[in-house]
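Participant: Hey, dropping upload.pdb in here, PDB, C-alpha atoms and all ligand atoms:
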```pdb
ATOM      1  CA  MET M   1      24.385  -4.634   3.827
ATOM      2  CA  PRO M   2      20.927  -4.134   5.367
ATOM      3  CA  THR M   3      18.338  -6.761   4.477
ATOM      4  CA  VAL M   4      14.600  -6.525   3.837
ATOM      5  CA  GLU M   5      12.141  -9.271   4.756
ATOM      6  CA  THR M   6      10.109 -10.821   1.938
ATOM      7  CA  VAL M   7       7.613 -13.694   2.030
ATOM      8  CA  THR M   8      10.393 -15.955   0.769
ATOM      9  CA  GLY M   9      12.969 -14.732   3.290
ATOM     10  CA  PRO M  10      15.273 -11.758   3.755
ATOM     11  CA  VAL M  11      17.039 -10.217   0.740
ATOM     12  CA  ASP M  12      19.867  -7.703   0.563
ATOM     13  CA  ALA M  13      18.419  -4.215   0.145
ATOM     14  CA  ASP M  14      20.434  -3.931  -3.081
ATOM     15  CA  GLU M  15      18.500  -6.910  -4.445
ATOM     16  CA  LEU M  16      15.123  -5.158  -4.246
ATOM     17  CA  GLY M  17      15.630  -3.597  -7.680
ATOM     18  CA  THR M  18      12.699  -1.936  -9.397
ATOM     19  CA  THR M  19       9.940  -1.860  -6.789
ATOM     20  CA  LEU M  20       6.243  -1.083  -6.856
ATOM     21  CA  ILE M  21       5.625   0.245  -3.363
ATOM     22  CA  HIS M  22       1.880  -0.311  -3.076
ATOM     23  CA  GLU M  23       0.181  -3.266  -4.784
ATOM     24  CA  HIS M  24      -2.215  -5.862  -3.404
ATOM     25  CA  LEU M  25      -2.088  -9.489  -4.530
ATOM     26  CA  ILE M  26      -5.469  -9.907  -2.870
ATOM     27  CA  PHE M  27      -7.912  -7.679  -1.004
ATOM     28  CA  ARG M  28     -11.064  -9.002   0.620
ATOM     29  CA  ASP M  29     -12.929  -8.939   3.869
ATOM     30  CA  GLU M  30     -11.604 -11.666   6.103
ATOM     31  CA  ALA M  31     -14.789 -11.901   8.219
ATOM     32  CA  VAL M  32     -17.026 -12.424   5.174
ATOM     33  CA  LEU M  33     -14.523 -14.941   3.875
ATOM     34  CA  VAL M  34     -14.671 -16.972   7.100
ATOM     35  CA  GLN M  35     -18.444 -16.696   7.683
ATOM     36  CA  TRP M  36     -19.702 -17.036   4.103
ATOM     37  CA  PRO M  37     -16.938 -18.774   2.187
ATOM     38  CA  HIS M  38     -19.382 -19.606  -0.628
ATOM     39  CA  ALA M  39     -19.654 -15.870  -1.419
ATOM     40  CA  GLY M  40     -16.115 -16.105  -2.724
ATOM     41  CA  THR M  41     -14.273 -13.101  -4.017
ATOM     42  CA  VAL M  42     -14.630 -10.774  -6.951
ATOM     43  CA  LYS M  43     -11.953 -10.507  -9.555
ATOM     44  CA  GLU M  44     -11.447  -6.867 -10.430
ATOM     45  CA  SER M  45     -10.165  -7.309 -13.935
ATOM     46  CA  GLU M  46     -11.635  -7.420 -17.412
ATOM     47  CA  PRO M  47     -14.435  -8.384 -17.020
ATOM     48  CA  PRO M  48     -14.944  -8.699 -13.270
ATOM     49  CA  GLU M  49     -16.363 -12.053 -12.310
ATOM     50  CA  ASN M  50     -16.894 -14.209  -9.290
ATOM     51  CA  VAL M  51     -13.917 -16.417  -8.740
ATOM     52  CA  ASP M  52     -12.969 -19.131  -6.316
ATOM     53  CA  GLU M  53      -9.708 -19.420  -4.386
ATOM     54  CA  GLU M  54      -7.927 -20.795  -7.420
ATOM     55  CA  GLY M  55      -9.304 -17.867  -9.427
ATOM     56  CA  ALA M  56      -7.885 -15.410  -6.906
ATOM     57  CA  PHE M  57      -4.550 -17.189  -7.102
ATOM     58  CA  GLU M  58      -4.590 -17.082 -10.904
ATOM     59  CA  ALA M  59      -5.405 -13.350 -10.796
ATOM     60  CA  ALA M  60      -2.442 -12.720  -8.486
ATOM     61  CA  LEU M  61      -0.148 -14.773 -10.719
ATOM     62  CA  GLU M  62      -1.314 -12.829 -13.748
ATOM     63  CA  SER M  63      -0.431  -9.482 -12.138
ATOM     64  CA  ALA M  64       2.870 -10.804 -10.769
ATOM     65  CA  ARG M  65       3.944 -12.088 -14.179
ATOM     66  CA  ALA M  66       2.862  -8.835 -15.848
ATOM     67  CA  VAL M  67       5.017  -6.682 -13.560
ATOM     68  CA  LEU M  68       8.002  -9.019 -13.936
ATOM     69  CA  GLU M  69       7.804  -8.458 -17.687
ATOM     70  CA  HIS M  70       8.310  -4.744 -17.028
ATOM     71  CA  GLY M  71      11.466  -5.402 -15.029
ATOM     72  CA  VAL M  72       9.874  -5.165 -11.587
ATOM     73  CA  LYS M  73      11.689  -7.354  -9.054
ATOM     74  CA  THR M  74       9.722  -6.469  -5.917
ATOM     75  CA  ILE M  75       6.322  -5.320  -4.733
ATOM     76  CA  ALA M  76       5.508  -4.038  -1.264
ATOM     77  CA  GLU M  77       2.192  -5.706  -0.350
ATOM     78  CA  PRO M  78       0.419  -3.497   2.213
ATOM     79  CA  THR M  79      -2.558  -5.786   2.883
ATOM     80  CA  ALA M  80      -3.104  -5.748   6.665
ATOM     81  CA  MET M  81      -5.818  -6.826   9.101
ATOM     82  CA  PHE M  82      -9.319  -6.356   7.562
ATOM     83  CA  GLY M  83      -7.862  -6.636   4.051
ATOM     84  CA  GLY M  84      -7.588 -10.412   4.215
ATOM     85  CA  ARG M  85      -3.819 -10.467   4.683
ATOM     86  CA  ASP M  86      -2.654 -13.987   3.824
ATOM     87  CA  VAL M  87       1.111 -14.415   3.734
ATOM     88  CA  ARG M  88       0.903 -18.061   2.667
ATOM     89  CA  PHE M  89      -1.022 -16.917  -0.403
ATOM     90  CA  SER M  90       1.655 -14.277  -1.102
ATOM     91  CA  ARG M  91       4.389 -16.872  -0.632
ATOM     92  CA  ARG M  92       2.745 -19.194  -3.171
ATOM     93  CA  VAL M  93       2.675 -16.328  -5.673
ATOM     94  CA  ALA M  94       6.309 -15.450  -4.960
ATOM     95  CA  GLU M  95       7.471 -19.058  -5.245
ATOM     96  CA  GLU M  96       5.541 -19.637  -8.453
ATOM     97  CA  THR M  97       6.739 -16.464 -10.205
ATOM     98  CA  GLY M  98       9.999 -15.324  -8.596
ATOM     99  CA  LEU M  99       8.533 -11.922  -7.711
ATOM    100  CA  GLN M 100       9.812 -10.642  -4.353
ATOM    101  CA  VAL M 101       6.850  -9.756  -2.129
ATOM    102  CA  VAL M 102       7.430  -7.550   0.922
ATOM    103  CA  PRO M 103       4.746  -8.134   3.603
ATOM    104  CA  CYS M 104       3.467  -5.838   6.338
ATOM    105  CA  THR M 105       1.726  -5.856   9.680
ATOM    106  CA  GLY M 106      -0.926  -3.481  10.925
ATOM    107  CA  ILE M 107      -4.629  -2.709  10.818
ATOM    108  CA  TYR M 108      -6.549  -1.261   7.890
ATOM    109  CA  THR M 109      -9.596   0.450   9.317
ATOM    110  CA  TYR M 110     -11.245   3.836   8.814
ATOM    111  CA  ASP M 111     -12.621   3.771  12.381
ATOM    112  CA  TYR M 112     -14.054   0.429  13.571
ATOM    113  CA  LEU M 113     -12.051  -1.735  15.920
ATOM    114  CA  PRO M 114     -13.274  -4.995  17.431
ATOM    115  CA  PRO M 115     -13.954  -5.065  21.207
ATOM    116  CA  TYR M 116     -10.743  -7.102  21.506
ATOM    117  CA  PHE M 117      -8.905  -3.807  21.146
ATOM    118  CA  SER M 118     -11.372  -1.672  23.136
ATOM    119  CA  PHE M 119     -10.115  -3.159  26.378
ATOM    120  CA  ARG M 120      -6.452  -3.302  25.420
ATOM    121  CA  ASP M 121      -4.205  -0.277  25.004
ATOM    122  CA  GLU M 122      -1.841   0.926  22.257
ATOM    123  CA  ASP M 123       1.068  -1.012  23.697
ATOM    124  CA  ALA M 124      -0.837  -4.306  23.626
ATOM    125  CA  MET M 125      -1.688  -3.597  19.996
ATOM    126  CA  ALA M 126       1.950  -2.738  19.291
ATOM    127  CA  ASP M 127       2.965  -6.086  20.851
ATOM    128  CA  LEU M 128       1.015  -7.884  18.097
ATOM    129  CA  PHE M 129       2.745  -5.865  15.384
ATOM    130  CA  VAL M 130       6.150  -6.506  16.955
ATOM    131  CA  HIS M 131       5.347 -10.226  17.052
ATOM    132  CA  ASP M 132       4.790 -10.185  13.272
ATOM    133  CA  ILE M 133       8.090  -8.362  12.794
ATOM    134  CA  GLU M 134      10.223 -10.428  15.143
ATOM    135  CA  GLU M 135       8.561 -13.876  15.286
ATOM    136  CA  GLY M 136       6.558 -14.220  12.100
ATOM    137  CA  ILE M 137       3.079 -13.740  10.647
ATOM    138  CA  GLN M 138       0.099 -16.098  10.968
ATOM    139  CA  GLY M 139       2.143 -18.965  12.383
ATOM    140  CA  THR M 140       4.764 -18.828   9.632
ATOM    141  CA  ASP M 141       8.375 -17.687   9.793
ATOM    142  CA  ILE M 142       7.524 -14.892   7.321
ATOM    143  CA  LYS M 143       8.373 -11.587   8.990
ATOM    144  CA  ALA M 144       6.736  -8.216   8.401
ATOM    145  CA  ALA M 145       8.995  -5.644   6.750
ATOM    146  CA  PHE M 146       6.908  -2.547   7.460
ATOM    147  CA  LEU M 147       3.842  -1.290   9.332
ATOM    148  CA  LYS M 148       0.479  -0.218   7.945
ATOM    149  CA  CYS M 149      -2.374   1.924   9.222
ATOM    150  CA  ALA M 150      -5.057   4.100   7.676
ATOM    151  CA  ALA M 151      -7.065   7.281   8.050
ATOM    152  CA  ASP M 152      -9.886   8.099   5.649
ATOM    153  CA  GLU M 153     -13.137  10.051   5.473
ATOM    154  CA  PRO M 154     -14.000   9.867   9.206
ATOM    155  CA  GLY M 155     -10.612  11.481   9.911
ATOM    156  CA  VAL M 156      -8.302  10.700  12.795
ATOM    157  CA  THR M 157     -10.906   9.404  15.259
ATOM    158  CA  PRO M 158      -9.884   8.081  18.705
ATOM    159  CA  ASN M 159      -9.704   4.535  17.291
ATOM    160  CA  ILE M 160      -7.584   5.670  14.345
ATOM    161  CA  GLU M 161      -5.281   7.603  16.651
ATOM    162  CA  LYS M 162      -4.890   4.456  18.755
ATOM    163  CA  VAL M 163      -3.819   2.396  15.739
ATOM    164  CA  HIS M 164      -1.433   5.142  14.619
ATOM    165  CA  ARG M 165       0.196   5.312  18.056
ATOM    166  CA  ALA M 166       0.471   1.514  18.215
ATOM    167  CA  VAL M 167       2.069   1.400  14.772
ATOM    168  CA  ALA M 168       4.442   4.206  15.777
ATOM    169  CA  ARG M 169       5.475   2.440  18.980
ATOM    170  CA  ALA M 170       6.112  -0.789  17.084
ATOM    171  CA  SER M 171       8.205   1.222  14.631
ATOM    172  CA  VAL M 172      10.262   2.764  17.437
ATOM    173  CA  ARG M 173      10.737  -0.675  19.049
ATOM    174  CA  THR M 174      11.779  -2.470  15.842
ATOM    175  CA  GLY M 175      13.115   0.193  13.496
ATOM    176  CA  LYS M 176      10.592  -0.745  10.800
ATOM    177  CA  SER M 177       9.051   1.926   8.593
ATOM    178  CA  ILE M 178       5.403   2.963   8.395
ATOM    179  CA  MET M 179       3.012   3.257   5.465
ATOM    180  CA  ALA M 180      -0.100   5.240   6.328
ATOM    181  CA  HIS M 181      -3.119   5.235   4.017
ATOM    182  CA  SER M 182      -4.372   8.820   3.906
ATOM    183  CA  ARG M 183      -7.235  10.802   2.391
ATOM    184  CA  PRO M 184      -6.095  14.183   1.059
ATOM    185  CA  ALA M 185      -9.741  15.226   0.505
ATOM    186  CA  SER M 186     -10.126  15.056   4.289
ATOM    187  CA  GLN M 187      -6.615  16.463   4.868
ATOM    188  CA  THR M 188      -5.701  13.557   7.152
ATOM    189  CA  GLY M 189      -1.980  13.596   6.300
ATOM    190  CA  PRO M 190      -0.677  16.371   8.583
ATOM    191  CA  ARG M 191      -2.356  14.932  11.691
ATOM    192  CA  GLN M 192      -1.069  11.424  10.859
ATOM    193  CA  VAL M 193       2.478  12.742  10.560
ATOM    194  CA  GLU M 194       2.069  14.729  13.787
ATOM    195  CA  ILE M 195       1.132  11.581  15.749
ATOM    196  CA  PHE M 196       4.092   9.608  14.384
ATOM    197  CA  LEU M 197       6.518  12.427  15.207
ATOM    198  CA  GLU M 198       5.041  12.793  18.706
ATOM    199  CA  GLU M 199       5.753   9.102  19.257
ATOM    200  CA  GLY M 200       9.367   9.587  18.167
ATOM    201  CA  VAL M 201       9.309   8.077  14.659
ATOM    202  CA  ALA M 202      11.897   9.611  12.325
ATOM    203  CA  PRO M 203      10.325  11.309   9.256
ATOM    204  CA  GLU M 204      12.386   9.178   6.868
ATOM    205  CA  ARG M 205      10.541   6.113   8.192
ATOM    206  CA  ILE M 206       7.128   7.543   7.336
ATOM    207  CA  GLN M 207       5.275   7.203   4.036
ATOM    208  CA  ILE M 208       1.944   8.957   3.579
ATOM    209  CA  ALA M 209       0.194   6.809   0.996
ATOM    210  CA  HIS M 210      -2.322   8.160  -1.527
ATOM    211  CA  THR M 211      -1.016  11.725  -1.320
ATOM    212  CA  GLY M 212      -1.228  11.654  -5.130
ATOM    213  CA  ASP M 213      -5.028  11.665  -4.861
ATOM    214  CA  THR M 214      -4.792  15.465  -4.740
ATOM    215  CA  ASP M 215      -3.077  18.044  -6.949
ATOM    216  CA  ASP M 216      -3.107  20.660  -4.195
ATOM    217  CA  LEU M 217       0.610  21.427  -4.192
ATOM    218  CA  ASP M 218       0.415  23.478  -0.994
ATOM    219  CA  TYR M 219      -1.040  20.518   0.892
ATOM    220  CA  ILE M 220       1.537  18.140  -0.585
ATOM    221  CA  GLU M 221       4.508  20.428   0.073
ATOM    222  CA  GLY M 222       3.296  20.911   3.632
ATOM    223  CA  LEU M 223       3.734  17.166   4.105
ATOM    224  CA  LEU M 224       7.049  16.997   2.231
ATOM    225  CA  ARG M 225       8.514  19.795   4.363
ATOM    226  CA  THR M 226       8.197  17.484   7.386
ATOM    227  CA  GLY M 227      10.617  15.093   5.668
ATOM    228  CA  VAL M 228       8.242  12.181   5.008
ATOM    229  CA  TYR M 229       7.782  10.129   1.849
ATOM    230  CA  ILE M 230       4.581  10.387  -0.166
ATOM    231  CA  GLY M 231       2.798   7.795  -2.298
ATOM    232  CA  MET M 232       1.826   8.898  -5.797
ATOM    233  CA  ASP M 233       0.391   5.451  -5.744
ATOM    234  CA  ARG M 234      -3.127   5.256  -7.122
ATOM    235  CA  TYR M 235      -2.541   5.577 -10.847
ATOM    236  CA  GLY M 236      -5.631   4.288 -12.615
ATOM    237  CA  LEU M 237      -8.038   5.227  -9.837
ATOM    238  CA  ASN M 238      -9.447   8.153 -11.804
ATOM    239  CA  ILE M 239     -12.355   8.176  -9.384
ATOM    240  CA  PHE M 240     -10.023  10.008  -6.970
ATOM    241  CA  LEU M 241      -7.908  11.953  -9.522
ATOM    242  CA  PRO M 242      -7.445  11.451 -13.275
ATOM    243  CA  LEU M 243      -4.126  10.246 -14.621
ATOM    244  CA  ASP M 244      -3.145  13.482 -16.381
ATOM    245  CA  ARG M 245      -3.622  15.520 -13.197
ATOM    246  CA  ARG M 246      -1.587  12.950 -11.240
ATOM    247  CA  ASN M 247       1.181  13.319 -13.808
ATOM    248  CA  ALA M 248       1.071  17.123 -13.735
ATOM    249  CA  THR M 249       1.483  16.972  -9.959
ATOM    250  CA  VAL M 250       4.424  14.567 -10.101
ATOM    251  CA  THR M 251       6.055  16.684 -12.809
ATOM    252  CA  ALA M 252       5.692  19.848 -10.723
ATOM    253  CA  LEU M 253       7.146  18.108  -7.665
ATOM    254  CA  LEU M 254      10.055  16.702  -9.679
ATOM    255  CA  GLU M 255      10.809  20.239 -10.857
ATOM    256  CA  ARG M 256      10.839  21.338  -7.220
ATOM    257  CA  GLY M 257      13.358  18.637  -6.341
ATOM    258  CA  TYR M 258      11.257  16.009  -4.567
ATOM    259  CA  ALA M 259      12.222  12.861  -6.518
ATOM    260  CA  GLU M 260      13.792  11.427  -3.365
ATOM    261  CA  ARG M 261      10.492  11.493  -1.503
ATOM    262  CA  MET M 262       8.007  10.106  -4.074
ATOM    263  CA  PHE M 263       6.812   6.621  -5.038
ATOM    264  CA  LEU M 264       4.927   5.714  -8.222
ATOM    265  CA  SER M 265       2.475   2.841  -7.836
ATOM    266  CA  GLN M 266      -1.136   1.845  -8.528
ATOM    267  CA  ASP M 267      -2.699   0.416  -5.356
ATOM    268  CA  PHE M 268      -4.006  -2.271  -7.686
ATOM    269  CA  CYS M 269      -5.833  -5.229  -6.181
ATOM    270  CA  ALA M 270      -5.505  -8.431  -8.207
ATOM    271  CA  THR M 271      -8.684  -9.508  -6.433
ATOM    272  CA  LEU M 272     -11.110  -7.094  -4.774
ATOM    273  CA  ASP M 273     -14.401  -8.019  -3.113
ATOM    274  CA  TRP M 274     -15.765  -4.516  -2.496
ATOM    275  CA  TYR M 275     -18.225  -4.453  -5.382
ATOM    276  CA  PRO M 276     -20.817  -6.786  -6.855
ATOM    277  CA  PRO M 277     -19.520  -7.854 -10.294
ATOM    278  CA  GLU M 278     -21.877  -5.590 -12.276
ATOM    279  CA  VAL M 279     -20.825  -2.516 -10.276
ATOM    280  CA  GLY M 280     -17.153  -3.400 -10.658
ATOM    281  CA  ARG M 281     -17.618  -3.748 -14.407
ATOM    282  CA  GLN M 282     -19.302  -0.356 -14.565
ATOM    283  CA  LEU M 283     -16.452   1.325 -12.658
ATOM    284  CA  MET M 284     -13.886  -0.158 -15.034
ATOM    285  CA  GLU M 285     -15.861   0.753 -18.148
ATOM    286  CA  GLN M 286     -17.016   4.227 -17.211
ATOM    287  CA  GLY M 287     -13.530   5.451 -16.521
ATOM    288  CA  ALA M 288     -13.584   5.551 -12.702
ATOM    289  CA  ALA M 289     -10.915   2.852 -12.795
ATOM    290  CA  LYS M 290     -10.242   2.645 -16.517
ATOM    291  CA  ASP M 291      -6.957   0.888 -17.363
ATOM    292  CA  TRP M 292      -6.278   0.289 -13.644
ATOM    293  CA  SER M 293      -3.749  -2.527 -13.453
ATOM    294  CA  MET M 294      -0.429  -3.421 -11.856
ATOM    295  CA  THR M 295       1.420  -2.239 -14.985
ATOM    296  CA  LEU M 296      -0.292   1.055 -15.870
ATOM    297  CA  VAL M 297       2.696   3.005 -14.498
ATOM    298  CA  PHE M 298       4.921   1.385 -17.118
ATOM    299  CA  GLU M 299       2.433   1.506 -19.974
ATOM    300  CA  GLN M 300       1.106   5.056 -19.678
ATOM    301  CA  VAL M 301       2.631   6.976 -16.784
ATOM    302  CA  ILE M 302       6.398   6.713 -17.238
ATOM    303  CA  PRO M 303       6.270   7.533 -20.975
ATOM    304  CA  ALA M 304       4.159  10.640 -20.253
ATOM    305  CA  LEU M 305       6.399  11.751 -17.361
ATOM    306  CA  ARG M 306       9.479  11.382 -19.577
ATOM    307  CA  GLU M 307       7.754  13.481 -22.206
ATOM    308  CA  ALA M 308       7.207  16.122 -19.520
ATOM    309  CA  GLY M 309      10.901  16.180 -18.629
ATOM    310  CA  MET M 310      11.496  13.421 -16.050
ATOM    311  CA  THR M 311      15.118  12.236 -16.226
ATOM    312  CA  ASP M 312      16.417   8.653 -16.001
ATOM    313  CA  ASP M 313      17.978   9.565 -12.657
ATOM    314  CA  GLN M 314      14.700  10.770 -11.235
ATOM    315  CA  LEU M 315      12.965   7.617 -12.433
ATOM    316  CA  GLU M 316      15.619   5.386 -10.868
ATOM    317  CA  THR M 317      15.299   7.332  -7.623
ATOM    318  CA  MET M 318      11.521   6.855  -7.475
ATOM    319  CA  MET M 319      11.402   3.219  -8.613
ATOM    320  CA  VAL M 320      14.567   1.763  -7.043
ATOM    321  CA  SER M 321      16.448   3.904  -4.496
ATOM    322  CA  ASN M 322      13.470   5.244  -2.556
ATOM    323  CA  ALA M 323      12.121   1.781  -1.706
ATOM    324  CA  LYS M 324      15.543   0.675  -0.523
ATOM    325  CA  ARG M 325      16.024   3.817   1.559
ATOM    326  CA  TRP M 326      12.521   3.830   3.074
ATOM    327  CA  LEU M 327      12.458   0.100   3.914
ATOM    328  CA  THR M 328      15.872   0.257   5.602
ATOM    329  CA  ALA M 329      15.610   3.711   7.222
TER
HETATM  330 ZN    ZN L   1      -3.729  -0.112  -0.723
END
```
Represent the structure contained in this file as structure tokens.
Ligand SMILES: [Zn+2]

Facilitator:
Amino acid sequence: MPTVETVTGPVDADELGTTLIHEHLIFRDEAVLVQWPHAGTVKESEPPENVDEEGAFEAALESARAVLEHGVKTIAEPTAMFGGRDVRFSRRVAEETGLQVVPCTGIYTYDYLPPYFSFRDEDAMADLFVHDIEEGIQGTDIKAAFLKCAADEPGVTPNIEKVHRAVARASVRTGKSIMAHSRPASQTGPRQVEIFLEEGVAPERIQIAHTGDTDDLDYIEGLLRTGVYIGMDRYGLNIFLPLDRRNATVTALLERGYAERMFLSQDFCATLDWYPPEVGRQLMEQGAAKDWSMTLVFEQVIPALREAGMTDDQLETMMVSNAKRWLTA
């Protein structure tokens, strides 16, 4: 039986159970946190407010307990470098609630890299990722279960290509799978996949996150034809695509036989420091992120997809089997 690393140790892949593939227990800039700790973090819930460390922990507990109530056993937590990855924080949440939290390694940037990486190559970067996978993260014995990188509005710049190649090489060296944040509006997905394949990563180890931000079926099927997984993983972020259009897309893809390549998730951040509190409140209230939570999939999405014809089998495939298959590919 293959195992999957979690922040509380390896579990049998069969023990993953219902899994949300893309949820953040915390997301904040680690440089701001170190340099101006008094600025704290911003809780992105109702209503957003400044919170201290304990507040961030409480927010994570709240989300963890909420998903457990819906039968979720596991979340994949794709917070990497620049997102304030903190595996001790995740472990506290896991220990306190019993939720299985699957950690990653990688770099979340849309272009910028510190000079540290300017004078080191892809292989040196890959060495760091491999360290997290084989030795442990941040001085703990918690091992990364998958790799993370990102491409967004600037596209696949030289720096972004470097991170993608480093992630790919670490994947080839360790056998761990890759989750790549993408931006369909900039059509980043095909180039991201191309780089991974060039580096020798098998398609079944690749997940192109945020593909559900578009309802352009030609673009999506272009990706699926390469054999990769896609994340229909930003439910609630209406600012990118409203919920009903996300559902129509998933329904169409289910009808075309792609249940085995799709994940449903929310990319929710129990704590998010991107916005001043008043702006965060506005986004939640005006509908840009209305009802965004770690449980929206269960409350609004699954019932609507069932109504549209999704079968129990298809649901089990997307919420249980796919995570197991992708994480152990
Ligand atoms: Zn994310």

Participant: Find, counting all atoms listed in the file, the residue in M:Ser265, M:Gln300, M:Ser321, M:Thr79 that gets nearest to ligand ZN 1 (chain L).

Facilitator: M:Thr79

Participant: Would you name the residues within 9 Å of ligand ZN 1 (chain L), counting only C-alpha atoms and all ligand atoms, and put them as a PyMOL selection string?

Facilitator: chain M and resi 22-24+27+77-79+181+209-210+233-234+266-269

Participant: Ranking M:Asp86, M:Glu161, M:Glu134, M:Glu69 by minimum distance to Glu5 (chain M) and counting only C-alpha atoms, which one comes first?

Facilitator: M:Glu134

Participant: Rounded to one decimal place, report the CA of His164 (chain M)-CA of Asp218 (chain M) distance in Å.

Facilitator: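 Distance reported for this atom pair: 24.2 Å.
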
Participant: With the file shown as input, list the residues that the PyMOL selection byres (((chain M and resi 65) around 12) and not hetatm) selects, as an MDAnalysis selection string.

Facilitator: chainID M and resid 25 58:64 66:75 93:100 270 294:295

Participant: What does the structure give for the distance between CA of Thr188 (chain M) and CA of Ala145 (chain M), in Å to one decimal?

Facilitator: 24.2 Å

Participant: How far is it from CA of Leu113 (chain M) to CA of Lys176 (chain M), in Å with one decimal?

Facilitator: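 Answer for the CA of Leu113 (chain M) to CA of Lys176 (chain M) separation: 23.2 Å.
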
Participant: Can you spell out as a PyMOL selection string the set of residues that the PyMOL selection byres (((chain M and resi 15) around 10) and not hetatm) selects in the structure I just provided?

Facilitator: chain M and resi 3-4+11-14+16-18+73-74+100+320+324

Participant: Got a sec to resolve the PyMOL selection byres (((chain M and resi 220) around 12) and not hetatm) on this structure and send the residues as a VMD selection string?

Facilitator: chain M and resid 182 to 185 187 to 190 208 to 219 221 to 232 249 to 250 252 to 253 256 258 261 to 262

Participant: Generate a file of the selected residues that holds C-alpha atoms, formatted as a PDB file, in the frame of the given file.

Facilitator:
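The file below, out-v8.pdb, is the result:
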```
ATOM      1  CA  SER M 182      -4.372   8.820   3.906  1.00  0.00           C
ATOM      2  CA  ARG M 183      -7.235  10.802   2.391  1.00  0.00           C
ATOM      3  CA  PRO M 184      -6.095  14.183   1.059  1.00  0.00           C
ATOM      4  CA  ALA M 185      -9.741  15.226   0.505  1.00  0.00           C
ATOM      5  CA  GLN M 187      -6.615  16.463   4.868  1.00  0.00           C
ATOM      6  CA  THR M 188      -5.701  13.557   7.152  1.00  0.00           C
ATOM      7  CA  GLY M 189      -1.980  13.596   6.300  1.00  0.00           C
ATOM      8  CA  PRO M 190      -0.677  16.371   8.583  1.00  0.00           C
ATOM      9  CA  ILE M 208       1.944   8.957   3.579  1.00  0.00           C
ATOM     10  CA  ALA M 209       0.194   6.809   0.996  1.00  0.00           C
ATOM     11  CA  HIS M 210      -2.322   8.160  -1.527  1.00  0.00           C
ATOM     12  CA  THR M 211      -1.016  11.725  -1.320  1.00  0.00           C
ATOM     13  CA  GLY M 212      -1.228  11.654  -5.130  1.00  0.00           C
ATOM     14  CA  ASP M 213      -5.028  11.665  -4.861  1.00  0.00           C
ATOM     15  CA  THR M 214      -4.792  15.465  -4.740  1.00  0.00           C
ATOM     16  CA  ASP M 215      -3.077  18.044  -6.949  1.00  0.00           C
ATOM     17  CA  ASP M 216      -3.107  20.660  -4.195  1.00  0.00           C
ATOM     18  CA  LEU M 217       0.610  21.427  -4.192  1.00  0.00           C
ATOM     19  CA  ASP M 218       0.415  23.478  -0.994  1.00  0.00           C
ATOM     20  CA  TYR M 219      -1.040  20.518   0.892  1.00  0.00           C
ATOM     21  CA  GLU M 221       4.508  20.428   0.073  1.00  0.00           C
ATOM     22  CA  GLY M 222       3.296  20.911   3.632  1.00  0.00           C
ATOM     23  CA  LEU M 223       3.734  17.166   4.105  1.00  0.00           C
ATOM     24  CA  LEU M 224       7.049  16.997   2.231  1.00  0.00           C
ATOM     25  CA  ARG M 225       8.514  19.795   4.363  1.00  0.00           C
ATOM     26  CA  THR M 226       8.197  17.484   7.386  1.00  0.00           C
ATOM     27  CA  GLY M 227      10.617  15.093   5.668  1.00  0.00           C
ATOM     28  CA  VAL M 228       8.242  12.181   5.008  1.00  0.00           C
ATOM     29  CA  TYR M 229       7.782  10.129   1.849  1.00  0.00           C
ATOM     30  CA  ILE M 230       4.581  10.387  -0.166  1.00  0.00           C
ATOM     31  CA  GLY M 231       2.798   7.795  -2.298  1.00  0.00           C
ATOM     32  CA  MET M 232       1.826   8.898  -5.797  1.00  0.00           C
ATOM     33  CA  THR M 249       1.483  16.972  -9.959  1.00  0.00           C
ATOM     34  CA  VAL M 250       4.424  14.567 -10.101  1.00  0.00           C
ATOM     35  CA  ALA M 252       5.692  19.848 -10.723  1.00  0.00           C
ATOM     36  CA  LEU M 253       7.146  18.108  -7.665  1.00  0.00           C
ATOM     37  CA  ARG M 256      10.839  21.338  -7.220  1.00  0.00           C
ATOM     38  CA  TYR M 258      11.257  16.009  -4.567  1.00  0.00           C
ATOM     39  CA  ARG M 261      10.492  11.493  -1.503  1.00  0.00           C
ATOM     40  CA  MET M 262       8.007  10.106  -4.074  1.00  0.00           C
TER      41      MET M 262
END
```

Participant: Extract, using all atoms listed in the file, all DNA, RNA and protein residues at most 12 Å from His131 (chain M), discarding same-chain residues fewer than 6 positions from it, and format them as a list in words.

Facilitator: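 The contact residues come out as Cys104, Thr105, Gly106, Ala124, Met125, Ile137, Gln138, Gly139, Thr140, Asp141, Ile142, Lys143, Ala144, Ala145, Leu147, Ala170, Arg173 and Thr174 of chain M.
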
Participant: Can you tell me, as JSON, numbers by chain, what residues are no more than 9 Å from Ala31 (chain M) when counting only C-alpha atoms, ignoring any on the same chain fewer than 4 positions away?

Facilitator: {"M": [35, 36, 82, 84]}

Participant: Give me a file of those residues, with C-alpha atoms, as a compact mmCIF listing (two decimals), keeping the file's coordinate frame.

Facilitator:
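Done, and the output landed in selection_7.txt:
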```
# COMPACT_ATOMS: atom_id res chain seq x y z
CA GLN M 35 -18.44 -16.70 7.68
CA TRP M 36 -19.70 -17.04 4.10
CA PHE M 82 -9.32 -6.36 7.56
CA GLY M 84 -7.59 -10.41 4.22
```
